[in-house]
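For reference, coords30.cif is printed below; it contains mmCIF, C-alpha atoms and all ligand atoms.
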```cif
data_coords
loop_
_atom_site.label_atom_id
_atom_site.label_comp_id
_atom_site.auth_asym_id
_atom_site.auth_seq_id
_atom_site.Cartn_x
_atom_site.Cartn_y
_atom_site.Cartn_z
CA MET A 24 8.69 36.59 5.86
CA GLY A 25 6.45 35.17 3.19
CA PRO A 26 6.93 33.47 -0.16
CA SER A 27 8.18 35.48 -3.12
CA ILE A 28 5.68 36.80 -5.62
CA TRP A 29 7.00 34.16 -8.05
CA GLU A 30 6.48 31.27 -5.64
CA SER A 31 2.95 32.44 -4.91
CA GLN A 32 2.22 32.76 -8.60
CA MET A 33 3.73 29.32 -9.33
CA LEU A 34 1.23 27.80 -6.93
CA GLN A 35 -1.49 29.83 -8.67
CA ALA A 36 -3.89 28.96 -5.93
CA SER A 37 -4.60 32.01 -3.83
CA PRO A 38 -8.10 32.65 -2.43
CA GLN A 39 -8.60 34.81 -5.54
CA ALA A 40 -7.73 31.92 -7.86
CA PRO A 41 -8.39 28.71 -5.95
CA LEU A 42 -7.76 25.22 -7.23
CA ASP A 43 -10.73 22.96 -7.76
CA ALA A 44 -9.03 20.18 -5.82
CA LEU A 45 -5.94 19.90 -3.66
CA VAL A 46 -4.83 16.34 -2.92
CA VAL A 47 -2.65 16.06 0.19
CA GLY A 48 -0.42 12.97 -0.02
CA GLY A 49 1.12 11.72 -3.26
CA GLY A 50 0.99 7.97 -2.68
CA ILE A 51 -1.08 5.46 -4.65
CA VAL A 52 -4.34 6.76 -3.20
CA GLY A 53 -3.60 10.45 -3.74
CA MET A 54 -2.36 9.96 -7.29
CA ASN A 55 -5.32 7.79 -8.25
CA ALA A 56 -7.77 10.24 -6.71
CA ALA A 57 -6.22 13.10 -8.71
CA LEU A 58 -6.23 11.08 -11.94
CA THR A 59 -9.88 10.13 -11.49
CA LEU A 60 -10.84 13.77 -10.92
CA ALA A 61 -8.83 14.86 -13.97
CA SER A 62 -10.49 12.29 -16.22
CA ARG A 63 -13.99 13.05 -15.01
CA GLU A 64 -13.61 16.85 -14.79
CA PRO A 65 -11.02 17.83 -17.41
CA GLU A 66 -11.52 21.55 -16.72
CA TRP A 67 -10.64 21.26 -13.03
CA ARG A 68 -7.35 22.68 -11.74
CA ILE A 69 -5.89 19.97 -9.56
CA ALA A 70 -2.64 19.67 -7.61
CA VAL A 71 -1.07 16.92 -5.51
CA VAL A 72 1.27 17.97 -2.68
CA ASP A 73 3.54 15.71 -0.69
CA ALA A 74 5.72 16.47 2.31
CA LEU A 75 8.67 14.62 0.76
CA PRO A 76 10.42 14.87 -2.62
CA LEU A 77 9.71 11.29 -3.73
CA GLY A 78 6.71 10.59 -1.54
CA GLY A 79 7.76 8.69 1.53
CA GLY A 80 4.82 6.71 2.74
CA GLY A 81 4.03 3.10 1.99
CA SER A 82 3.70 3.70 -1.75
CA THR A 83 7.44 4.17 -2.32
CA ARG A 84 8.58 1.91 0.55
CA ASN A 85 6.48 -1.23 0.15
CA ALA A 86 7.66 -4.70 -0.83
CA GLY A 87 5.72 -4.99 -4.09
CA PHE A 88 3.53 -8.02 -3.33
CA THR A 89 0.30 -8.11 -5.32
CA CYS A 90 -1.34 -10.12 -2.58
CA PHE A 91 -4.83 -10.61 -1.21
CA GLY A 92 -4.19 -12.58 2.02
CA SER A 93 -2.54 -15.91 2.78
CA PRO A 94 -4.65 -18.78 4.20
CA SER A 95 -3.54 -18.34 7.83
CA GLU A 96 -4.06 -14.56 7.60
CA LEU A 97 -7.54 -15.13 6.18
CA LEU A 98 -8.27 -17.58 9.01
CA ASP A 99 -7.53 -14.73 11.44
CA ASP A 100 -9.86 -12.44 9.46
CA TRP A 101 -12.56 -15.11 9.29
CA ARG A 102 -12.52 -15.43 13.07
CA ALA A 103 -12.42 -11.67 13.71
CA LEU A 104 -14.82 -10.47 11.00
CA GLY A 105 -16.84 -13.49 9.92
CA PRO A 106 -17.06 -15.17 6.50
CA GLU A 107 -18.93 -12.46 4.60
CA ALA A 108 -16.65 -9.58 5.57
CA THR A 109 -13.57 -11.72 4.88
CA VAL A 110 -14.76 -12.57 1.37
CA GLU A 111 -15.55 -8.88 0.75
CA LEU A 112 -12.03 -7.88 1.87
CA VAL A 113 -10.49 -10.39 -0.53
CA ARG A 114 -12.79 -9.23 -3.32
CA MET A 115 -11.77 -5.60 -2.78
CA ARG A 116 -8.08 -6.55 -2.94
CA TRP A 117 -8.44 -8.78 -5.99
CA GLU A 118 -10.58 -6.31 -7.94
CA GLY A 119 -8.20 -3.50 -6.91
CA LEU A 120 -5.26 -5.44 -8.33
CA GLN A 121 -7.10 -6.00 -11.61
CA ALA A 122 -7.89 -2.25 -11.74
CA LEU A 123 -4.21 -1.39 -11.12
CA ARG A 124 -3.02 -3.76 -13.84
CA ALA A 125 -5.66 -2.63 -16.33
CA MET A 126 -4.83 1.03 -15.77
CA TRP A 127 -1.03 0.87 -16.09
CA GLY A 128 -0.27 -2.46 -17.76
CA ASP A 129 1.94 -5.24 -16.41
CA LYS A 130 5.01 -3.99 -18.26
CA ALA A 131 4.99 -0.52 -16.71
CA CYS A 132 4.43 -1.94 -13.22
CA GLY A 133 6.90 -4.83 -13.66
CA HIS A 134 4.06 -7.13 -12.67
CA ARG A 135 4.37 -10.90 -12.89
CA THR A 136 1.91 -13.53 -11.75
CA CYS A 137 4.49 -15.77 -10.11
CA GLY A 138 2.29 -17.52 -7.53
CA ALA A 139 2.75 -17.58 -3.77
CA VAL A 140 3.55 -20.15 -1.12
CA GLU A 141 2.51 -19.94 2.50
CA ALA A 142 5.30 -21.56 4.52
CA PHE A 143 4.41 -23.17 7.86
CA THR A 144 6.78 -23.99 10.70
CA ASP A 145 4.07 -24.38 13.36
CA GLU A 146 2.35 -27.76 13.09
CA ALA A 147 -0.72 -26.79 15.11
CA LEU A 148 -1.34 -23.73 12.91
CA PHE A 149 -0.83 -25.80 9.76
CA GLU A 150 -3.41 -28.36 10.92
CA GLU A 151 -5.92 -25.63 11.76
CA VAL A 152 -5.47 -24.04 8.34
CA MET A 153 -5.73 -27.39 6.54
CA GLU A 154 -9.05 -28.00 8.26
CA PHE A 155 -10.27 -24.52 7.28
CA LEU A 156 -9.02 -24.66 3.67
CA PRO A 157 -12.00 -26.37 1.92
CA GLU A 158 -14.43 -23.86 3.46
CA LEU A 159 -12.18 -20.93 2.54
CA ASN A 160 -11.70 -22.09 -1.05
CA GLU A 161 -15.43 -22.61 -1.48
CA ALA A 162 -16.23 -19.13 -0.13
CA LEU A 163 -13.64 -17.54 -2.44
CA GLU A 164 -14.76 -19.41 -5.56
CA ASP A 165 -17.12 -16.53 -6.34
CA VAL A 166 -14.25 -14.00 -6.23
CA PHE A 167 -11.65 -15.90 -8.28
CA GLN A 168 -13.78 -18.31 -10.35
CA GLU A 169 -11.14 -20.93 -9.52
CA THR A 170 -9.53 -22.58 -6.52
CA ALA A 171 -7.49 -19.96 -4.65
CA PHE A 172 -5.25 -22.19 -2.52
CA HIS A 173 -3.81 -25.64 -3.18
CA THR A 174 -2.06 -28.16 -0.98
CA THR A 175 1.46 -29.02 -2.03
CA PRO A 176 4.23 -31.33 -0.76
CA ALA A 177 5.77 -30.05 2.50
CA GLN A 178 9.23 -29.65 0.95
CA SER A 179 10.02 -28.14 -2.44
CA SER A 180 13.09 -27.10 -4.38
CA THR A 181 12.79 -23.48 -3.22
CA LEU A 182 12.02 -23.75 0.54
CA HIS A 183 13.02 -26.20 3.24
CA ALA A 184 12.70 -27.07 6.95
CA LEU A 185 8.93 -26.55 6.94
CA CYS A 186 6.07 -28.62 8.31
CA GLY A 187 3.72 -27.63 5.50
CA GLN A 188 3.13 -25.42 2.47
CA LEU A 189 0.09 -24.09 0.65
CA ARG A 190 0.26 -22.58 -2.79
CA SER A 191 -1.72 -19.90 -4.60
CA PRO A 192 -1.18 -19.60 -8.35
CA LEU A 193 -2.94 -16.21 -8.43
CA GLU A 194 -0.62 -13.97 -6.47
CA GLY A 195 2.22 -11.96 -7.99
CA ASP A 196 4.72 -9.21 -7.44
CA LEU A 197 5.67 -5.94 -9.09
CA ASN A 198 8.31 -3.24 -9.25
CA THR A 199 7.11 -0.55 -6.87
CA GLY A 200 9.46 2.06 -8.34
CA THR A 201 8.28 1.73 -11.94
CA MET A 202 4.64 1.54 -10.79
CA VAL A 203 4.94 4.87 -8.93
CA GLN A 204 6.84 6.38 -11.85
CA ALA A 205 4.05 5.35 -14.26
CA MET A 206 1.53 7.05 -11.97
CA ARG A 207 3.61 10.24 -11.77
CA GLU A 208 3.85 10.34 -15.57
CA GLY A 209 0.09 9.81 -15.69
CA LEU A 210 -0.37 12.89 -13.51
CA GLU A 211 1.78 14.93 -15.84
CA ARG A 212 -0.12 13.77 -18.93
CA ALA A 213 -3.42 14.61 -17.22
CA GLY A 214 -2.22 18.13 -16.42
CA VAL A 215 -2.26 17.58 -12.65
CA ALA A 216 0.37 19.65 -10.82
CA TRP A 217 2.81 17.69 -8.61
CA TRP A 218 4.26 19.80 -5.81
CA PRO A 219 6.61 17.74 -3.65
CA GLY A 220 8.22 19.19 -0.54
CA LEU A 221 5.06 20.86 0.79
CA LYS A 222 4.10 19.55 4.23
CA VAL A 223 0.58 20.70 5.05
CA GLU A 224 0.48 21.76 8.69
CA GLU A 225 -3.12 22.83 8.94
CA PHE A 226 -6.09 23.85 6.87
CA THR A 227 -8.89 26.27 7.48
CA ASP A 228 -12.16 26.89 5.72
CA ALA A 229 -13.92 30.13 4.93
CA GLN A 230 -16.84 30.75 2.61
CA GLY A 231 -16.70 27.38 0.93
CA LEU A 232 -12.95 27.51 0.35
CA TRP A 233 -10.23 25.49 2.06
CA THR A 234 -6.78 26.94 2.59
CA ALA A 235 -3.91 24.60 3.36
CA ALA A 236 -0.84 26.08 5.04
CA ALA A 237 2.60 24.58 4.36
CA GLY A 238 5.29 26.69 5.99
CA PRO A 239 5.17 30.15 4.47
CA LEU A 240 3.14 28.93 1.49
CA SER A 241 -0.59 28.46 1.33
CA VAL A 242 -2.86 26.93 -1.26
CA SER A 243 -6.62 27.43 -1.54
CA ALA A 244 -9.00 24.94 -3.09
CA ARG A 245 -12.71 24.13 -3.28
CA HIS A 246 -11.99 20.51 -2.31
CA VAL A 247 -9.23 19.06 -0.17
CA LEU A 248 -8.68 15.30 -0.50
CA LEU A 249 -6.58 13.85 2.30
CA ALA A 250 -4.57 10.79 1.27
CA THR A 251 -1.95 10.85 4.02
CA ASN A 252 -2.69 7.31 5.27
CA ALA A 253 -0.52 6.51 8.34
CA PHE A 254 0.06 10.22 9.00
CA ALA A 255 -3.63 11.21 8.86
CA GLN A 256 -3.86 11.82 12.62
CA ASP A 257 -1.54 14.82 12.21
CA LEU A 258 -4.33 16.66 10.41
CA ILE A 259 -7.67 15.07 11.30
CA ASP A 260 -9.24 13.00 14.04
CA VAL A 261 -9.45 9.52 12.55
CA ASP A 262 -8.92 5.92 13.68
CA VAL A 263 -5.56 5.28 12.02
CA ARG A 264 -2.05 5.10 13.45
CA PRO A 265 1.41 4.53 11.98
CA VAL A 266 3.05 1.15 12.53
CA ALA A 267 6.61 0.71 11.28
CA ASN A 268 7.47 -2.22 9.05
CA GLN A 269 11.02 -3.18 8.15
CA VAL A 270 12.34 -4.52 4.83
CA LEU A 271 15.77 -5.98 4.02
CA VAL A 272 17.20 -6.69 0.58
CA SER A 273 20.36 -8.78 0.22
CA GLN A 274 23.28 -8.51 -2.16
CA VAL A 275 22.82 -10.67 -5.27
CA MET A 276 22.78 -14.35 -4.23
CA PRO A 277 23.92 -16.55 -7.13
CA GLY A 278 22.38 -19.74 -5.67
CA LEU A 279 18.90 -18.31 -5.15
CA LYS A 280 16.09 -20.29 -6.80
CA LEU A 281 13.02 -18.50 -5.48
CA ASN A 282 10.52 -18.10 -8.31
CA HIS A 283 7.41 -17.25 -6.26
CA THR A 284 6.51 -15.05 -3.30
CA VAL A 285 6.41 -16.46 0.24
CA HIS A 286 4.24 -15.61 3.25
CA HIS A 287 4.74 -16.90 6.75
CA ASP A 288 2.91 -16.64 10.08
CA ARG A 289 -0.40 -14.98 9.16
CA GLY A 290 1.20 -12.60 6.68
CA TYR A 291 3.59 -11.09 9.20
CA VAL A 292 6.71 -12.27 7.35
CA TYR A 293 7.05 -11.92 3.57
CA VAL A 294 9.81 -12.99 1.20
CA ARG A 295 10.44 -12.57 -2.53
CA GLU A 296 13.20 -12.35 -5.08
CA ILE A 297 14.24 -9.09 -6.84
CA GLU A 298 16.85 -9.24 -9.60
CA GLY A 299 18.74 -12.11 -7.96
CA ARG A 300 18.49 -10.58 -4.47
CA LEU A 301 16.38 -11.80 -1.59
CA LEU A 302 13.84 -9.42 -0.04
CA ILE A 303 12.46 -10.25 3.39
CA GLY A 304 10.30 -8.00 5.53
CA GLY A 305 7.83 -7.73 8.37
CA GLY A 306 8.33 -9.42 11.72
CA ARG A 307 6.17 -7.02 13.71
CA GLN A 308 4.45 -9.97 15.47
CA TRP A 309 7.72 -10.75 17.24
CA ASP A 310 8.21 -8.99 20.52
CA CYS A 311 11.64 -7.62 19.60
CA ARG A 312 13.47 -4.94 21.57
CA ASP A 313 14.46 -2.95 18.44
CA ASN A 314 14.77 -2.95 14.65
CA ASP A 315 18.17 -4.66 14.79
CA GLU A 316 16.69 -7.68 16.52
CA VAL A 317 13.87 -7.83 13.95
CA ALA A 318 16.50 -7.73 11.18
CA GLU A 319 18.47 -10.56 12.83
CA ARG A 320 15.37 -12.75 13.09
CA LEU A 321 14.34 -12.00 9.50
CA THR A 322 17.74 -12.91 8.09
CA ALA A 323 17.90 -16.05 10.26
CA TRP A 324 14.49 -17.08 8.88
CA ALA A 325 15.67 -16.63 5.30
CA GLN A 326 18.85 -18.60 5.88
CA ARG A 327 17.00 -21.47 7.51
CA HIS A 328 14.14 -21.79 5.06
CA VAL A 329 15.06 -20.39 1.62
CA VAL A 330 17.06 -22.77 -0.58
CA GLY A 331 20.17 -21.06 -1.95
CA CYS A 332 20.16 -18.26 0.62
CA GLY A 333 23.78 -17.78 1.56
CA PRO A 334 25.06 -15.41 4.27
CA PHE A 335 22.62 -12.49 4.17
CA GLN A 336 24.67 -9.41 3.25
CA VAL A 337 22.30 -6.49 3.54
CA ALA A 338 22.37 -4.19 0.51
CA TYR A 339 19.22 -2.17 1.33
CA ARG A 340 17.39 -1.77 4.60
CA TRP A 341 14.47 0.53 5.30
CA THR A 342 11.29 0.98 7.28
CA GLY A 343 7.99 2.37 6.11
CA GLN A 344 4.78 3.21 7.93
CA LEU A 345 1.62 1.13 7.63
CA GLY A 346 -1.65 2.95 8.39
CA ILE A 347 -3.52 0.64 10.79
CA GLY A 348 -6.72 1.07 12.82
CA SER A 349 -9.35 -0.93 14.65
CA SER A 350 -10.91 -1.96 11.31
CA ARG A 351 -9.16 -3.68 8.40
CA ARG A 352 -11.25 -1.69 5.97
CA PRO A 353 -10.03 1.67 4.70
CA GLU A 354 -11.73 4.83 5.92
CA VAL A 355 -13.12 6.81 2.98
CA LYS A 356 -15.45 9.62 3.94
CA THR A 357 -16.41 13.27 3.67
CA LEU A 358 -15.53 15.01 6.94
CA LYS A 359 -17.01 18.42 6.12
CA PRO A 360 -18.30 19.93 2.87
CA GLY A 361 -15.26 20.03 0.59
CA LEU A 362 -13.01 18.03 2.94
CA HIS A 363 -12.63 14.32 2.20
CA ALA A 364 -10.31 11.55 3.43
CA GLY A 365 -9.21 8.16 2.06
CA VAL A 366 -6.87 6.57 4.60
CA ARG A 367 -6.09 3.39 6.64
CA LEU A 368 -4.78 1.19 3.86
CA GLY A 369 -3.18 -1.39 6.19
CA GLY A 370 -0.70 -3.83 4.68
CA MET A 371 -2.34 -4.19 1.27
CA GLY A 372 -2.44 -0.71 -0.21
CA VAL A 373 -0.86 -1.83 -3.47
CA ALA A 374 -3.94 -4.00 -3.93
CA ILE A 375 -6.60 -1.56 -2.80
CA GLY A 376 -4.97 1.85 -3.41
CA THR A 377 -6.40 2.32 -6.91
CA THR A 378 -9.94 1.59 -5.72
CA VAL A 379 -9.61 3.76 -2.60
CA GLY A 380 -8.26 6.64 -4.74
CA ARG A 381 -11.27 6.35 -7.04
CA MET A 382 -13.67 6.22 -4.08
CA LEU A 383 -12.05 9.33 -2.63
CA ALA A 384 -12.41 11.21 -5.92
CA ASP A 385 -16.07 10.13 -6.12
CA LEU A 386 -16.72 11.84 -2.79
CA ALA A 387 -15.50 15.16 -4.20
CA LEU A 388 -17.46 14.66 -7.43
CA ARG A 389 -20.69 13.74 -5.64
CA ASN A 390 -20.50 16.46 -2.97
CA PRO A 391 -20.07 19.82 -4.62
CA ALA A 392 -18.22 22.17 -2.25
C1 LIG B 401 7.36 -1.73 4.51
C2 LIG B 401 6.03 -1.85 3.84
C3 LIG B 401 5.78 -2.90 2.97
C4 LIG B 401 4.56 -3.01 2.33
N1 LIG B 401 4.37 -3.99 1.42
C5 LIG B 401 3.21 -4.06 0.75
C6 LIG B 401 3.03 -5.03 -0.26
O1 LIG B 401 3.94 -5.79 -0.56
N2 LIG B 401 1.83 -5.09 -0.89
C7 LIG B 401 0.82 -4.24 -0.57
O2 LIG B 401 -0.28 -4.35 -1.15
N3 LIG B 401 0.98 -3.26 0.34
C8 LIG B 401 2.14 -3.15 1.01
N4 LIG B 401 2.32 -2.17 1.92
C9 LIG B 401 1.22 -1.25 2.18
C10 LIG B 401 1.11 -0.19 1.09
O3 LIG B 401 2.37 0.22 0.67
C11 LIG B 401 0.32 1.01 1.62
O4 LIG B 401 -0.91 0.55 2.14
C12 LIG B 401 0.01 2.01 0.51
O5 LIG B 401 1.17 2.37 -0.18
C13 LIG B 401 -0.64 3.24 1.10
O6 LIG B 401 -0.81 4.19 0.08
P1 LIG B 401 -1.38 5.62 0.42
O7 LIG B 401 -1.38 6.37 -0.84
O8 LIG B 401 -2.63 5.51 1.20
O9 LIG B 401 -0.36 6.24 1.47
P2 LIG B 401 1.19 6.56 1.38
O10 LIG B 401 1.86 5.91 0.27
O11 LIG B 401 1.70 6.31 2.76
O12 LIG B 401 1.20 8.10 1.06
C14 LIG B 401 0.92 9.09 1.99
C15 LIG B 401 1.74 10.29 1.62
O13 LIG B 401 1.30 11.40 2.38
C16 LIG B 401 2.42 12.23 2.59
N5 LIG B 401 2.09 13.09 3.73
C17 LIG B 401 1.82 12.72 4.99
N6 LIG B 401 1.52 13.79 5.73
C18 LIG B 401 1.56 14.86 4.90
C19 LIG B 401 1.32 16.25 5.09
N7 LIG B 401 0.97 16.74 6.27
N8 LIG B 401 1.46 17.08 4.03
C20 LIG B 401 1.83 16.59 2.80
N9 LIG B 401 2.06 15.27 2.58
C21 LIG B 401 1.93 14.43 3.62
C22 LIG B 401 3.56 11.26 2.86
O14 LIG B 401 4.83 11.84 2.62
C23 LIG B 401 3.25 10.13 1.90
O15 LIG B 401 3.97 10.20 0.69
C24 LIG B 401 3.54 -2.05 2.57
C25 LIG B 401 3.77 -0.99 3.43
C26 LIG B 401 5.01 -0.88 4.06
C27 LIG B 401 5.26 0.28 4.98
#
```

This structure in structure tokens:
Amino acid sequence: MGPSIWESQMLQASPQAPLDALVVGGGIVGMNAALTLASREPEWRIAVVDALPLGGGGSTRNAGFTCFGSPSELLDDWRALGPEATVELVRMRWEGLQALRAMWGDKACGHRTCGAVEAFTDEALFEEVMEFLPELNEALEDVFQETAFHTTPAQSSTLHALCGQLRSPLEGDLNTGTMVQAMREGLERAGVAWWPGLKVEEFTDAQGLWTAAAGPLSVSARHVLLATNAFAQDLIDVDVRPVANQVLVSQVMPGLKLNHTVHHDRGYVYVREIEGRLLIGGGRQWDCRDNDEVAERLTAWAQRHVVGCGPFQVAYRWTGQLGIGSSRRPEVKTLKPGLHAGVRLGGMGVAIGTTVGRMLADLALRNPA
């Protein structure tokens, strides 16, 4: 059985009437790629498909940190990649955040520059980072035009039971839901079709045209832009794999005083406040037997270190998939004429998603199918 004549006509993308571009994956990258194409080629017929009704990758399941790396995380990068590549990573994140904010505005994204604290409980790590800090700040001066990280008294009114803290005034947080909604509305205004609920199972090419099959439906297009991040391996051979990350949000806690974001242990644990609730997530560095044990350790961390954190009554709990590979840089490339991919966003896709989406669109614009 096939689709009805009406369904086929609604897609309006048969081999006889192909789209100019089909974007697979409606997260930050896919939406920004489609918007860039629509603004540069207003005559193009463009559609974004996603397997799930609301999206379902990192873009609707992230924690909303507008971050660019905490000092201990950047020390890890510095050792693994060297100074130059580390500075370039931070630059990409910082410039990506400015592009996101400029495009949608802080109000629509619920963005606030609240500052961040890195919280240390390991004295040896704190000492190492303190030794590294002057060199790091100097290297990043060119990116931020100001000092990125400051020393601060070990205890403050918002966190306790730490052996050290470092502060960045530049980091912030946002409302992931309103950010995604603003992007969806942008697609609509730009005349880009949004077709949720279509899971592309395979695509084939013939005579310069790509056909994507999703169940009984198929869509043909001159360009296919893959923005499926953690799930990319399902469709193409690429160095990216899904890694689950868990997030917990508490009931409202009246005594909570947290007015900045918090990072701990090389970025593996992250904490923030949302509308009087405490959000804590991560913990994938711990060798836990299952998600329940990760959740127990996360809530124990919050209760020990966050001032005003009462018993942690979980109101929301979810996991999302990070797209990770052997490199920390995203993979943005043309695989075959007309077939392009922008994937492997790691843990900072809010920061770099706008830029990666634009880079992906550029591939289609520069390489006529
Ligand atoms: C729990 C968690 C917390 C995070 N917190 C932060 C944070 O605070 N700050 C930050 O900067 N980053 C954070 N990230 C990372 C960030 O969210 C991601 O890097 C970013 O959203 C990736 O965007 P994307 O568009 O590449 O992919 P995604 O948003 O993952 O989108 C890919 C889409 O492709 C769709 N798809 C997959 N396969 C198919 C198919 N075959 N057919 C059709 N559609 C398909 C999926 O349904 C999905 O919607 C977090 C990630 C997670 C999981």

Exercise for review: May I ask which of the residues A:Thr181, A:Thr251, A:Ser273, A:Thr199 is the closest one to Asp73 (chain A), counting only C-alpha atoms?
Suggested key: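 Ranking A:Thr181, A:Thr251, A:Ser273, A:Thr199 by distance to Asp73 (chain A), first place goes to A:Thr251.
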
Point to revise | Point-to-point distance in Å for CA of Arg289 (chain A) and CA of Asp99 (chain A) | key: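 Those two atoms sit 7.5 Å apart.
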
Practice item. Give me the residues within 8 Å of Phe88 (chain A) as a ChimeraX atom specification, counting all atoms listed in the file and dropping any in the same chain fewer than 6 places off. Key: /A:194-197,284,373

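Counting all atoms listed in the file, the residue from A:Gly133, A:Ala205, A:Glu111, A:Phe254 that sits nearest to Asp165 (chain A) is A:Glu111.
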
**Study point:** Given all atoms listed in the file as the counted atoms, nearest of A:Gly119, A:Gly214, A:Gly331, A:Pro65 to ligand LIG 401 (chain B)
**Key:**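 Checking each of A:Gly119, A:Gly214, A:Gly331, A:Pro65 against ligand LIG 401 (chain B), counting all atoms listed in the file, the winner is A:Gly119.
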
Practice item. Kindly give the distance, in Å, that separates CA of Leu185 (chain A) and CA of Phe143 (chain A), rounded to a single decimal. Key: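 Taking CA of Leu185 (chain A) as the start and CA of Phe143 (chain A) as the end point, the length is 5.7 Å.
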
Point to revise | Nearby residues (only C-alpha atoms) at most 10 Å from Thr170 (chain A), same-chain spacing under 6 positions excluded, as a PyMOL selection string | key: chain A and resi 157+159-164+191-193

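Excluding Trp67 (chain A) itself and any same-chain residue fewer than 5 positions from it, the protein and nucleic acid residues within 12 Å of it, counting all atoms listed in the file, are Pro41, Leu42, Asp43, Ala44, Leu45, Ala57, Leu58, Thr59, Leu60, Ala61, Ser62, Ala213, Gly214, Val215, Ala216, Ala244, Arg245, His246, Ala387 and Leu388 of chain A.
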
Just write the chosen residues, C-alpha atoms, as a short mmCIF file (atom, residue, chain, number, x, y, z; two decimals), keeping the file's coordinate frame.
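Output file again-v8.cif is given in full below:
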```cif
data_model
loop_
_atom_site.label_atom_id
_atom_site.label_comp_id
_atom_site.auth_asym_id
_atom_site.auth_seq_id
_atom_site.Cartn_x
_atom_site.Cartn_y
_atom_site.Cartn_z
CA PRO A 41 -8.39 28.71 -5.95
CA LEU A 42 -7.76 25.22 -7.23
CA ASP A 43 -10.73 22.96 -7.76
CA ALA A 44 -9.03 20.18 -5.82
CA LEU A 45 -5.94 19.90 -3.66
CA ALA A 57 -6.22 13.10 -8.71
CA LEU A 58 -6.23 11.08 -11.94
CA THR A 59 -9.88 10.13 -11.49
CA LEU A 60 -10.84 13.77 -10.92
CA ALA A 61 -8.83 14.86 -13.97
CA SER A 62 -10.49 12.29 -16.22
CA ALA A 213 -3.42 14.61 -17.22
CA GLY A 214 -2.22 18.13 -16.42
CA VAL A 215 -2.26 17.58 -12.65
CA ALA A 216 0.37 19.65 -10.82
CA ALA A 244 -9.00 24.94 -3.09
CA ARG A 245 -12.71 24.13 -3.28
CA HIS A 246 -11.99 20.51 -2.31
CA ALA A 387 -15.50 15.16 -4.20
CA LEU A 388 -17.46 14.66 -7.43
#
```

Got a sec: who's within 10 Å of Ile347 (chain A), counting all atoms listed in the file, leaving out chain neighbours fewer than 6 positions off, as an mmCIF file with C-alpha atoms, in the frame of the given file?
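Below is the file that was written, result29.cif:
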```cif
data_model
loop_
_atom_site.group_PDB
_atom_site.id
_atom_site.type_symbol
_atom_site.label_atom_id
_atom_site.label_comp_id
_atom_site.auth_asym_id
_atom_site.auth_seq_id
_atom_site.Cartn_x
_atom_site.Cartn_y
_atom_site.Cartn_z
ATOM 1 C CA ASN A 252 -2.690 7.310 5.270
ATOM 2 C CA ALA A 253 -0.520 6.510 8.340
ATOM 3 C CA ASP A 262 -8.920 5.920 13.680
ATOM 4 C CA VAL A 263 -5.560 5.280 12.020
ATOM 5 C CA ARG A 264 -2.050 5.100 13.450
ATOM 6 C CA PRO A 265 1.410 4.530 11.980
ATOM 7 C CA VAL A 266 3.050 1.150 12.530
ATOM 8 C CA PRO A 353 -10.030 1.670 4.700
ATOM 9 C CA VAL A 366 -6.870 6.570 4.600
ATOM 10 C CA ARG A 367 -6.090 3.390 6.640
ATOM 11 C CA LEU A 368 -4.780 1.190 3.860
ATOM 12 C CA GLY A 369 -3.180 -1.390 6.190
ATOM 13 C CA GLY A 370 -0.700 -3.830 4.680
#
```

Review point. Quick one: distance from CA of Met54 (chain A) to CA of Lys222 (chain A) in Å, one decimal?
Key: 16.3 Å

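Closest approach to ligand LIG 401 (chain B) from the set A:Thr322, A:Thr201, A:Thr234, A:Asn268 is made by A:Asn268, with distances taken over all atoms listed in the file.
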
Determine the axis-aligned bounding box of all atoms of region 68-83 of chain A present in the file, pad each side by 4 Å, and express its centre and edge lengths in Å to one decimal place as lines of an AutoDock Vina configuration file.
```
center_x = 1.5
center_y = 12.9
center_z = -4.5
size_x = 25.8
size_y = 27.6
size_z = 22.5
```

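Distances from A:Leu156, A:Ile28, A:Ala139, A:Gly128 to Leu98 (chain A) were compared using only C-alpha atoms, and the smallest one belongs to A:Leu156.
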
**Study point:** Distance criterion (all atoms listed in the file): nearest to Leu302 (chain A) out of A:Pro391, A:Met202, A:Gly87, A:Ala122
**Key:** A:Gly87

Which residues, written as a short mmCIF file (atom, residue, chain, number, x, y, z; two decimals) with C-alpha atoms, in the frame of the given file, have at least one atom at most 10 Å from Met153 (chain A), with only C-alpha atoms counted and residues fewer than 5 positions away on the same chain left out?
```
data_model
loop_
_atom_site.label_atom_id
_atom_site.label_comp_id
_atom_site.auth_asym_id
_atom_site.auth_seq_id
_atom_site.Cartn_x
_atom_site.Cartn_y
_atom_site.Cartn_z
CA PRO A 94 -4.65 -18.78 4.20
CA SER A 95 -3.54 -18.34 7.83
CA ALA A 147 -0.72 -26.79 15.11
CA LEU A 148 -1.34 -23.73 12.91
CA GLU A 158 -14.43 -23.86 3.46
CA LEU A 159 -12.18 -20.93 2.54
CA THR A 174 -2.06 -28.16 -0.98
CA GLY A 187 3.72 -27.63 5.50
CA GLN A 188 3.13 -25.42 2.47
CA LEU A 189 0.09 -24.09 0.65
#
```
